[in-house]
Every structure is written in structure tokens, then in C-alpha cells.
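Structure file work04.cif (mmCIF, C-alpha atoms) is printed below.
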```
data_model
loop_
_atom_site.label_atom_id
_atom_site.label_comp_id
_atom_site.auth_asym_id
_atom_site.auth_seq_id
_atom_site.Cartn_x
_atom_site.Cartn_y
_atom_site.Cartn_z
CA MET A 1184 -1.48 9.73 21.12
CA ILE A 1185 1.63 7.80 20.06
CA LYS A 1186 4.58 8.06 22.42
CA TYR A 1187 8.01 7.66 20.90
CA MET A 1188 11.47 7.39 22.32
CA GLN A 1189 13.95 10.21 22.39
CA GLU A 1190 15.16 11.29 18.96
CA ALA A 1191 18.37 9.68 17.78
CA LYS A 1192 20.33 9.49 14.57
CA MET A 1193 19.52 6.31 12.72
CA THR A 1194 20.40 4.77 9.36
CA ILE A 1195 17.83 2.55 7.62
CA LEU A 1196 18.32 0.31 4.58
CA MET A 1197 14.86 0.04 2.99
CA THR A 1198 13.60 -1.71 -0.13
CA ALA A 1199 10.92 -0.09 -2.30
CA ASP A 1200 8.62 -1.32 -5.06
CA THR A 1201 8.28 1.24 -7.85
CA VAL A 1202 5.36 -0.56 -9.53
CA GLY A 1203 2.51 -0.25 -7.02
CA GLY A 1204 1.28 1.53 -3.92
CA VAL A 1205 4.35 0.54 -1.91
CA TRP A 1206 6.07 3.53 -3.49
CA THR A 1207 3.57 5.96 -1.94
CA TYR A 1208 3.88 4.18 1.40
CA CYS A 1209 7.68 4.50 1.30
CA MET A 1210 7.56 8.21 0.46
CA GLU A 1211 5.17 8.88 3.33
CA LEU A 1212 7.19 6.83 5.80
CA CYS A 1213 10.53 8.38 4.80
CA LYS A 1214 9.05 11.86 5.08
CA SER A 1215 7.58 11.15 8.52
CA LEU A 1216 10.93 9.76 9.74
CA GLN A 1217 12.73 13.04 9.06
CA LYS A 1218 11.71 14.43 12.47
CA PHE A 1219 13.55 11.55 14.17
CA GLY A 1220 16.84 12.25 12.40
CA ALA A 1221 16.60 9.04 10.37
CA GLU A 1222 18.53 8.66 7.11
CA VAL A 1223 17.02 6.17 4.66
CA HIS A 1224 18.98 4.36 1.96
CA LEU A 1225 16.16 3.40 -0.42
CA VAL A 1226 16.76 0.48 -2.78
CA THR A 1227 14.23 0.62 -5.63
CA MET A 1228 13.13 -2.56 -7.44
CA GLY A 1229 10.62 -3.72 -10.02
CA ASP A 1230 11.23 -1.05 -12.65
CA LYS A 1231 13.24 2.08 -13.24
CA ILE A 1232 12.07 5.15 -11.35
CA LYS A 1233 9.62 7.27 -13.32
CA LYS A 1234 10.13 11.02 -13.69
CA TRP A 1235 7.36 11.87 -11.21
CA GLN A 1236 8.77 9.39 -8.69
CA ARG A 1237 12.23 10.91 -8.99
CA GLU A 1238 10.74 14.35 -8.37
CA GLU A 1239 8.94 13.08 -5.26
CA VAL A 1240 11.99 11.47 -3.71
CA GLN A 1241 14.24 14.44 -4.48
CA GLU A 1242 12.09 16.51 -2.12
CA LEU A 1243 13.12 14.28 0.78
CA LYS A 1244 16.46 15.41 2.22
CA ASN A 1245 16.87 12.30 4.38
CA VAL A 1246 16.73 9.77 1.49
CA VAL A 1247 19.57 8.36 -0.61
CA VAL A 1248 18.27 6.38 -3.61
CA HIS A 1249 19.99 3.24 -4.90
CA GLU A 1250 18.19 2.51 -8.14
CA THR A 1251 17.85 -1.00 -9.56
CA ASP A 1252 15.33 -2.80 -11.74
CA PHE A 1253 15.66 -6.24 -10.14
CA ARG A 1254 12.45 -8.19 -10.61
CA LEU A 1255 10.08 -8.44 -7.69
CA GLU A 1256 9.23 -11.81 -6.18
CA TRP A 1257 5.72 -11.88 -7.71
CA MET A 1258 6.95 -11.16 -11.24
CA GLN A 1259 7.56 -13.80 -13.89
CA SER A 1260 10.81 -15.79 -13.48
CA PRO A 1261 12.39 -13.50 -10.86
CA TRP A 1262 14.79 -15.98 -9.26
CA LEU A 1263 18.05 -15.08 -11.00
CA ASP A 1264 17.36 -11.41 -10.25
CA ILE A 1265 16.62 -12.26 -6.62
CA GLU A 1266 19.85 -14.23 -6.30
CA GLU A 1267 21.85 -11.33 -7.72
CA CYS A 1268 19.98 -8.79 -5.61
CA SER A 1269 20.60 -10.85 -2.45
CA GLU A 1270 24.36 -10.55 -2.91
CA TRP A 1271 23.99 -6.88 -3.76
CA LEU A 1272 21.93 -6.12 -0.61
CA LEU A 1273 24.45 -7.84 1.65
CA HIS A 1274 27.21 -5.79 0.03
CA MET A 1275 25.10 -2.66 0.55
CA GLU A 1276 24.76 -3.44 4.24
CA ASP A 1277 28.53 -3.79 4.60
CA GLU A 1278 28.99 -0.47 2.85
CA ILE A 1279 26.25 1.54 4.59
CA GLN A 1280 26.32 -0.09 8.06
CA PRO A 1281 22.59 0.54 8.73
CA ASP A 1282 21.01 0.26 12.15
CA ILE A 1283 17.90 -1.47 10.77
CA ILE A 1284 16.83 -3.34 7.62
CA HIS A 1285 13.30 -2.52 6.46
CA LEU A 1286 12.08 -4.94 3.76
CA ASN A 1287 8.91 -4.11 1.84
CA CYS A 1288 9.09 -7.56 0.24
CA PHE A 1289 9.49 -11.10 1.57
CA VAL A 1290 12.28 -13.08 -0.04
CA TYR A 1291 15.26 -11.25 1.47
CA GLY A 1292 14.16 -11.88 5.04
CA HIS A 1293 16.28 -15.04 5.24
CA LEU A 1294 19.53 -13.24 4.36
CA PRO A 1295 22.20 -13.06 7.09
CA PHE A 1296 22.01 -9.31 7.64
CA LYS A 1297 23.91 -8.08 10.69
CA ALA A 1298 21.27 -5.47 11.56
CA PRO A 1299 17.76 -6.34 12.81
CA LYS A 1300 15.27 -6.74 9.96
CA ILE A 1301 11.56 -6.15 9.61
CA ILE A 1302 9.27 -7.32 6.83
CA VAL A 1303 6.12 -5.38 5.96
CA THR A 1304 3.45 -7.56 4.36
CA HIS A 1305 1.78 -5.16 1.93
CA SER A 1306 0.25 -7.98 -0.14
CA ASP A 1307 1.14 -11.42 -1.44
CA VAL A 1308 0.19 -13.85 -4.19
CA TYR A 1309 -1.44 -16.51 -1.99
CA SER A 1310 -3.75 -14.16 -0.10
CA TRP A 1311 -4.53 -12.48 -3.46
CA PHE A 1312 -5.61 -15.81 -4.98
CA LEU A 1313 -7.63 -16.83 -1.94
CA SER A 1314 -9.46 -13.49 -1.98
CA VAL A 1315 -9.93 -13.05 -5.72
CA LYS A 1316 -10.01 -16.61 -7.12
CA LYS A 1317 -11.20 -18.37 -3.93
CA ASP A 1318 -8.47 -20.96 -4.47
CA ASP A 1319 -4.75 -21.52 -4.06
CA PRO A 1320 -2.38 -20.43 -6.85
CA MET A 1321 -1.22 -22.88 -9.49
CA PRO A 1322 1.57 -25.38 -8.58
CA GLU A 1323 4.23 -23.21 -10.27
CA TRP A 1324 3.89 -20.78 -7.33
CA GLN A 1325 5.26 -23.33 -4.85
CA LYS A 1326 8.78 -21.89 -5.02
CA TYR A 1327 7.33 -18.44 -4.30
CA PHE A 1328 5.49 -19.89 -1.29
CA TRP A 1329 8.60 -21.36 0.31
CA CYS A 1330 10.71 -18.29 -0.40
CA VAL A 1331 8.08 -16.07 1.23
CA LYS A 1332 7.73 -18.42 4.20
CA ASN A 1333 11.52 -18.56 4.74
CA GLY A 1334 11.73 -14.79 4.46
CA LEU A 1335 9.02 -14.30 7.08
CA LEU A 1336 10.64 -16.81 9.42
CA GLY A 1337 13.93 -14.93 9.14
CA ALA A 1338 12.50 -11.55 10.12
CA ASP A 1339 12.88 -10.06 13.58
CA ARG A 1340 9.47 -8.42 13.23
CA VAL A 1341 6.62 -8.93 10.75
CA ILE A 1342 4.36 -5.90 10.29
CA ALA A 1343 1.05 -5.79 8.44
CA PRO A 1344 -1.04 -2.75 7.42
CA SER A 1345 -4.22 -4.31 8.81
CA GLN A 1346 -5.27 -7.06 11.19
CA THR A 1347 -6.90 -8.79 8.23
CA MET A 1348 -3.59 -8.99 6.37
CA LEU A 1349 -1.76 -10.22 9.46
CA GLN A 1350 -4.30 -13.01 9.86
CA TYR A 1351 -3.73 -13.99 6.23
CA MET A 1352 0.01 -14.27 6.86
CA GLN A 1353 -0.52 -16.33 9.99
CA SER A 1354 -2.95 -18.76 8.38
CA ILE A 1355 -1.07 -19.20 5.08
CA TYR A 1356 2.56 -19.16 6.20
CA THR A 1357 2.35 -19.97 9.95
CA VAL A 1358 4.46 -16.94 10.83
CA ARG A 1359 6.46 -17.44 14.04
CA SER A 1360 8.24 -14.09 14.14
CA ASP A 1361 7.12 -11.24 16.36
CA GLN A 1362 4.13 -9.65 14.64
CA GLN A 1363 2.11 -6.47 14.85
CA VAL A 1364 -0.19 -4.18 12.90
CA ILE A 1365 0.83 -0.66 11.91
CA TYR A 1366 -1.85 0.97 9.80
CA ASN A 1367 -0.61 2.88 6.76
CA GLY A 1368 -0.75 6.66 6.81
CA ARG A 1369 -0.93 9.57 4.40
CA SER A 1370 -0.15 13.28 4.62
CA SER A 1371 -3.55 14.94 4.92
CA GLU A 1372 -2.26 18.32 3.74
CA LEU A 1373 -1.75 16.93 0.25
CA PHE A 1374 -5.51 16.54 -0.22
CA TYR A 1375 -8.37 19.00 -0.01
CA ALA A 1376 -12.05 19.42 -0.84
CA ALA A 1377 -13.09 21.95 -3.49
CA LYS A 1378 -16.57 22.55 -4.89
CA LYS A 1379 -17.90 19.08 -5.61
CA SER A 1380 -19.19 18.16 -9.05
CA ASP A 1381 -21.56 15.30 -9.84
CA THR A 1382 -18.63 13.05 -10.72
CA VAL A 1383 -17.66 9.53 -9.67
CA PHE A 1384 -13.94 8.79 -9.40
CA SER A 1385 -11.92 5.60 -9.07
CA MET A 1386 -8.25 4.72 -9.40
CA GLY A 1387 -5.91 1.78 -9.27
CA ARG A 1388 -4.34 -0.80 -11.53
CA ILE A 1389 -7.29 -1.29 -13.87
CA TRP A 1390 -6.02 -4.68 -15.06
CA ASP A 1391 -5.78 -5.99 -11.48
CA GLU A 1392 -8.72 -8.25 -10.61
CA ALA A 1393 -8.18 -7.45 -6.93
CA LYS A 1394 -8.97 -3.76 -7.43
CA ASN A 1395 -12.07 -4.95 -9.33
CA ILE A 1396 -12.48 -1.67 -11.21
CA LYS A 1397 -14.01 -3.69 -14.03
CA LEU A 1398 -17.15 -3.94 -11.85
CA LEU A 1399 -17.49 -0.16 -11.98
CA VAL A 1400 -17.11 -0.28 -15.77
CA ASP A 1401 -19.79 -3.00 -15.94
CA ALA A 1402 -22.07 -0.87 -13.74
CA ALA A 1403 -21.43 2.31 -15.75
CA PRO A 1404 -24.42 2.00 -18.16
CA ASN A 1405 -26.73 2.03 -15.12
CA ILE A 1406 -24.98 4.91 -13.34
CA THR A 1407 -26.44 8.32 -14.08
CA ALA A 1408 -23.27 10.31 -13.32
CA PRO A 1409 -20.06 10.70 -15.33
CA ILE A 1410 -17.23 8.44 -14.18
CA GLN A 1411 -13.49 9.11 -14.25
CA ILE A 1412 -10.98 6.30 -13.82
CA ALA A 1413 -7.25 6.77 -13.26
CA GLY A 1414 -4.43 4.25 -13.16
CA ALA A 1415 -2.34 1.91 -15.24
CA ASN A 1416 -4.49 -0.02 -17.71
CA GLN A 1417 -1.73 -2.34 -18.91
CA PHE A 1418 1.00 -4.44 -17.30
CA ALA A 1419 2.90 -7.24 -19.03
CA GLU A 1420 0.28 -9.38 -20.80
CA ASN A 1421 -2.60 -7.83 -18.84
CA SER A 1422 -4.54 -4.95 -20.35
CA PHE A 1423 -7.96 -3.36 -20.08
CA HIS A 1424 -9.92 -1.00 -22.29
CA LEU A 1425 -12.76 1.38 -21.39
CA THR A 1426 -15.57 1.93 -23.90
CA HIS A 1427 -18.70 3.23 -22.14
CA SER A 1428 -19.82 6.75 -23.06
CA ASN A 1429 -19.99 7.99 -19.45
CA VAL A 1430 -16.54 6.61 -18.54
CA GLU A 1431 -13.44 8.73 -19.05
CA TYR A 1432 -10.00 7.18 -18.63
CA VAL A 1433 -7.64 9.91 -17.38
CA GLY A 1434 -4.43 7.85 -17.31
CA LYS A 1435 -1.86 7.34 -14.58
CA LEU A 1436 -1.66 10.58 -12.60
CA SER A 1437 0.84 12.30 -10.33
CA THR A 1438 -0.10 12.93 -6.70
CA LEU A 1439 -0.94 16.57 -7.47
CA LYS A 1440 -3.27 15.55 -10.29
CA ILE A 1441 -4.91 12.87 -8.17
CA ALA A 1442 -5.56 15.43 -5.44
CA GLU A 1443 -7.08 17.76 -8.02
CA HIS A 1444 -9.49 15.10 -9.33
CA LEU A 1445 -10.45 13.93 -5.85
CA SER A 1446 -11.10 17.47 -4.67
CA THR A 1447 -14.09 17.81 -7.02
CA ALA A 1448 -15.30 14.20 -7.09
CA ALA A 1449 -18.48 13.57 -5.12
CA VAL A 1450 -18.12 9.80 -4.76
CA TYR A 1451 -15.07 7.55 -4.73
CA VAL A 1452 -15.56 3.91 -5.75
CA LEU A 1453 -13.24 0.97 -5.07
CA PRO A 1454 -15.18 -2.33 -5.17
CA ALA A 1455 -12.03 -4.29 -4.26
CA LYS A 1456 -12.01 -8.03 -3.76
CA TYR A 1457 -8.60 -7.81 -2.06
CA GLU A 1458 -7.13 -4.71 -0.46
CA PRO A 1459 -4.85 -5.11 2.59
CA PHE A 1460 -5.15 -1.37 3.35
CA GLY A 1461 -6.05 0.92 0.43
CA LEU A 1462 -4.15 4.21 0.33
CA SER A 1463 -6.32 5.49 -2.51
CA VAL A 1464 -9.39 5.24 -0.29
CA LEU A 1465 -7.61 7.24 2.39
CA GLU A 1466 -6.75 9.94 -0.15
CA ALA A 1467 -10.40 10.11 -1.20
CA ALA A 1468 -11.54 10.38 2.41
CA PHE A 1469 -9.14 13.27 3.08
CA SER A 1470 -10.72 14.91 0.01
CA LYS A 1471 -14.22 14.53 1.50
CA CYS A 1472 -15.53 12.07 -1.06
CA ALA A 1473 -18.31 9.70 -0.06
CA LEU A 1474 -16.94 6.13 -0.23
CA VAL A 1475 -18.40 3.10 -2.01
CA LEU A 1476 -16.18 0.10 -1.25
CA GLY A 1477 -16.04 -3.63 -1.71
CA ASP A 1478 -17.70 -5.59 1.06
CA ILE A 1479 -14.51 -7.21 2.37
CA GLU A 1480 -13.10 -7.66 5.86
CA SER A 1481 -10.08 -5.36 5.59
CA LEU A 1482 -12.07 -2.37 4.33
CA HIS A 1483 -14.67 -2.85 7.08
CA GLU A 1484 -11.81 -2.98 9.60
CA ILE A 1485 -10.37 0.33 8.43
CA TRP A 1486 -13.51 2.32 7.50
CA GLU A 1487 -16.10 0.85 9.89
CA ASP A 1488 -19.46 2.63 9.29
CA ALA A 1489 -17.95 5.51 7.27
CA ALA A 1490 -18.58 3.92 3.86
CA PHE A 1491 -21.15 2.15 1.70
CA TYR A 1492 -20.19 -1.49 1.08
CA VAL A 1493 -21.25 -3.40 -2.03
CA ASP A 1494 -21.17 -6.98 -3.26
CA THR A 1495 -17.91 -7.33 -5.21
CA ASN A 1496 -19.61 -9.45 -7.88
CA ASP A 1497 -22.81 -7.43 -8.33
CA ALA A 1498 -22.66 -4.51 -10.79
CA GLU A 1499 -26.33 -3.71 -10.13
CA ASP A 1500 -25.67 -3.37 -6.40
CA LEU A 1501 -22.80 -1.01 -7.15
CA ALA A 1502 -24.86 1.10 -9.54
CA ASP A 1503 -27.69 1.36 -6.99
CA ALA A 1504 -25.32 2.54 -4.25
CA VAL A 1505 -23.67 5.16 -6.46
CA ASN A 1506 -26.99 6.45 -7.80
CA TYR A 1507 -28.44 6.67 -4.31
CA LEU A 1508 -25.55 8.83 -3.15
CA MET A 1509 -25.58 10.98 -6.27
CA ASN A 1510 -29.33 11.59 -5.92
CA ASN A 1511 -29.26 12.35 -2.18
CA LYS A 1512 -26.83 15.17 -1.44
CA ASP A 1513 -27.51 15.27 2.30
CA VAL A 1514 -26.71 11.57 2.66
CA ARG A 1515 -23.67 11.96 0.44
CA ASP A 1516 -22.36 14.88 2.48
CA HIS A 1517 -22.97 12.95 5.70
CA TYR A 1518 -20.90 9.99 4.51
CA ALA A 1519 -18.21 12.26 3.11
CA GLU A 1520 -17.83 13.87 6.52
CA LYS A 1521 -17.80 10.49 8.30
CA ALA A 1522 -15.05 9.28 5.94
CA PHE A 1523 -13.06 12.46 6.56
CA GLN A 1524 -13.29 12.00 10.33
CA GLN A 1525 -12.30 8.32 10.11
CA ALA A 1526 -9.30 9.27 7.94
CA GLN A 1527 -7.83 11.27 10.82
CA LYS A 1528 -6.81 7.94 12.40
CA TYR A 1529 -4.46 7.24 9.50
CA LYS A 1530 -2.12 10.19 9.26
CA SER A 1531 1.51 9.65 8.30
CA GLU A 1532 2.82 11.23 11.51
CA ARG A 1533 1.30 8.41 13.56
CA MET A 1534 2.63 5.76 11.19
CA GLY A 1535 6.15 7.18 11.33
CA ALA A 1536 6.16 7.31 15.13
CA GLU A 1537 5.03 3.69 15.38
CA TYR A 1538 7.70 2.49 12.96
CA PHE A 1539 10.37 4.51 14.75
CA ASN A 1540 9.37 2.83 18.01
CA VAL A 1541 9.78 -0.58 16.39
CA TYR A 1542 13.20 0.35 15.01
CA GLN A 1543 14.34 1.59 18.42
CA GLU A 1544 13.00 -1.50 20.16
CA LEU A 1545 14.76 -3.93 17.81
CA ILE A 1546 18.03 -1.99 17.84
CA LYS A 1547 18.02 -1.93 21.64
CA LYS A 1548 17.23 -5.65 21.76
CA GLU A 1549 20.11 -6.39 19.38
CA LEU A 1550 22.55 -4.32 21.44
CA THR A 1551 21.44 -6.03 24.66
CA SER A 1552 21.93 -9.42 23.04
CA LYS A 1553 25.45 -8.53 21.88
CA GLU A 1554 26.39 -7.16 25.30
CA ALA A 1555 25.24 -10.40 26.91
CA LEU A 1556 27.69 -12.32 24.76
CA VAL A 1557 30.66 -10.16 25.77
#
```
Written as C-alpha cells, how would this file's structure read?
Amino acid sequence: MIKYMQEAKMTILMTADTVGGVWTYCMELCKSLQKFGAEVHLVTMGDKIKKWQREEVQELKNVVVHETDFRLEWMQSPWLDIEECSEWLLHMEDEIQPDIIHLNCFVYGHLPFKAPKIIVTHSDVYSWFLSVKKDDPMPEWQKYFWCVKNGLLGADRVIAPSQTMLQYMQSIYTVRSDQQVIYNGRSSELFYAAKKSDTVFSMGRIWDEAKNIKLLVDAAPNITAPIQIAGANQFAENSFHLTHSNVEYVGKLSTLKIAEHLSTAAVYVLPAKYEPFGLSVLEAAFSKCALVLGDIESLHEIWEDAAFYVDTNDAEDLADAVNYLMNNKDVRDHYAEKAFQQAQKYKSERMGAEYFNVYQELIKKELTSKEALV
């Protein structure tokens, strides 16, 4: 049971990435903060808000959107955008007078905000390369490295969605700020289990080597069940095409459509090589899908013995695991129930309470520090 301090009005200036899973995280967090009387000024970056994203955020009465398309720090040649956005964010703080700055990116952590600032380390390029390529990024990423490091050093609190991700940040960037883990959460009522069909489902950025959905495509000829894959299959110069007869690409889906597909899917597959948390896995678990996941530290940390784990480079191992579950309903149902029970640890209400505690703690610390100077 999470204990939280007495409710109080609070204004938060928060950055959001419209390109990846950070968007879902932000929507869940903003929604869960409503009960605490928190108003969120959400600055969107990376790309213009899509129609479905606009519809989602319009349902939240405590959110004011400030839409931009400033490039994100991991995008190609972002530095002029970041310089312009830095000035813009400082102006925004003067205008809004927030109690807390919540950064879902790194590079703005060094800015001289007046309010306390937290950085949430959803993912980063260096830990991505170490996990996926087993090597450091190319030399051209050195500027990124130092900007991320300076941002982390400037934060009042660094938060990671798993202990695994926090350890990455400590080992790569030697983080000296206060640090803690707050596991991501999701609203369980959005997802449900209907009559299950003999279908395998997966979703994510198909072009992203970290998600490793290509391994499922490679395994498809040896999997006896039909497979559905959702998600973006193209970004910038990266693209991916699906050709196997038992693989259906269903496109990038809204939350309602994702819930519909998961409700009837028997098995959810994400053979990720790098996944600091994995909201899609949580959605599948709430939908009572049996889980087949990449054999990596973060997914073991979160799902423990409630999933099948497979070698992230072995398509045959993946096909064997999926076929075993599809051919053994009792085992499949057992693992689906275990995943569902494990998912109860990661509800959005808990996440929101933990973040609110951090906000309150840092605001109180800042006030105490100012009073000491008077």
C-alpha cells in the first residue's frame, strides 16, 4: 500500500515524447495525478500530435497541452532545436510558475529552472547500443553523451522505470543525483479478456532492433498459429516489411483497438533485446495473454516467473516456446493467469501516488532551503 501526503494543489511542467511509449506513460501519469489536484502543463516534442493522441489528452481535464515539434535528443541533428527549446522552456516556466519540472528526456536537466526538476530515464542511446549491438555508439554520439550526462547531473531526482535501467544510468553516466525506481503503471480497466482465439500477437516499433520483432517474423514459418503484428513499420530511413503467409500486419492502432486485439490473443510475444520496462507487455498481461519475452534482465525483474523467456537471437527457440503454449491450453491458461496476477503490481494508481510523493518531497525540500537563506 502506497502512502501519500495530504492532497494539495500543484502545477507541473512536464515534457512528453509523441513518438514512442513515453506518450502512453504521460497519459497514465497525468490521469492518475488528477486525484491529487495536480494541473499538468504538457509540452509535446518529437512530432505533431496525432488525431488519436489529441483525443486521448482531451479526456484529461487537468492537462494543458503546449504543442511543439522540437526534435528529440536521440534524433538526427537535434541541437539547434534543443537550443531553441531550452529558451522556450525557461520562458514557459516564467509564465506558468510551476511547482515542479518533470522531464521525460535528458538534455534540459542542466537548465536553470527555479522549480525542482526530475528526470525520468525511459531509455537512452548508450544503453540501447550496449544491449542491442553489444558495443558503444559511434563517435558522433559523443555530444549526445555529454548532454545527457550534464542533464542527469543537473536533476534534483533521477527516476528509472526499473532497477535494471537505473543501473545502466549509474554505470554509463556515473549519476550523482538522488535516484530511485518507480515502476511504470497502466489503467487495468482499459484491458479485458474475451474468448481467446488461437492467435499470437505482438506490437511495437517493428523497425526497432531493440523490440526485436523481426525474430518473431523469422520464426513465423515454424509457428503453427496465425500471427498479428501491430506498430509503426517505418521511421526516417528505417523500414520493415512483412511477407510470411501466417503474419498479418494490422498497422499502428489506437488504445481501444489494441485492447480489442489483446482480448482475443492467446499469446503475446515480445522477444526484446532492450526494454527498460515494457508497457505493451503489461497491457497483454491485463488482457490475460500468456507471455513469451526476451531473456533479458529487465523483463525478468518485472515479470519474474510469470512468463516464458527465449533467446533473443534464436528464432527456433521462439517458435518452440510459442508452439508449446499454443498446443497446451492448460499450461497457456496457467501462465496467462500468472501474468495477470503479476500485472496487479503495476497499476497506474500506485505509480501516480509514488510520483506525487516525490513531487511533494522535492517541493518541501526547496521551500526549506529557501527559508534557511532568509
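CA of Ala1489 in chain A is found 21.0 Å from CA of Leu1373 in chain A.
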Can you list, as a VMD selection string, every protein, DNA or RNA residue that comes within 10 Å of Pro1295 in chain A when you count all atoms listed in the file, leaving out same-chain residues fewer than 3 positions away? chain A and resid 1269 1273 1291 to 1292 1298 to 1300 1337
Selected residue of minimal separation from Thr1438 in chain A among A:Thr1194, A:Asn1367, A:Thr1201, A:Gln1236, counting all atoms listed in the file: A:Gln1236
If you count only C-alpha atoms, which residues fall within 8 Å of range 1279-1288 of chain A, apart from same-chain ones fewer than 6 positions away, as a count of residues only? 21
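Remark: for Gln1346 in chain A, the closest of the candidate residues A:Met1534, A:Phe1460, A:Lys1244, A:Lys1512 is A:Phe1460 (distances computed over only C-alpha atoms).
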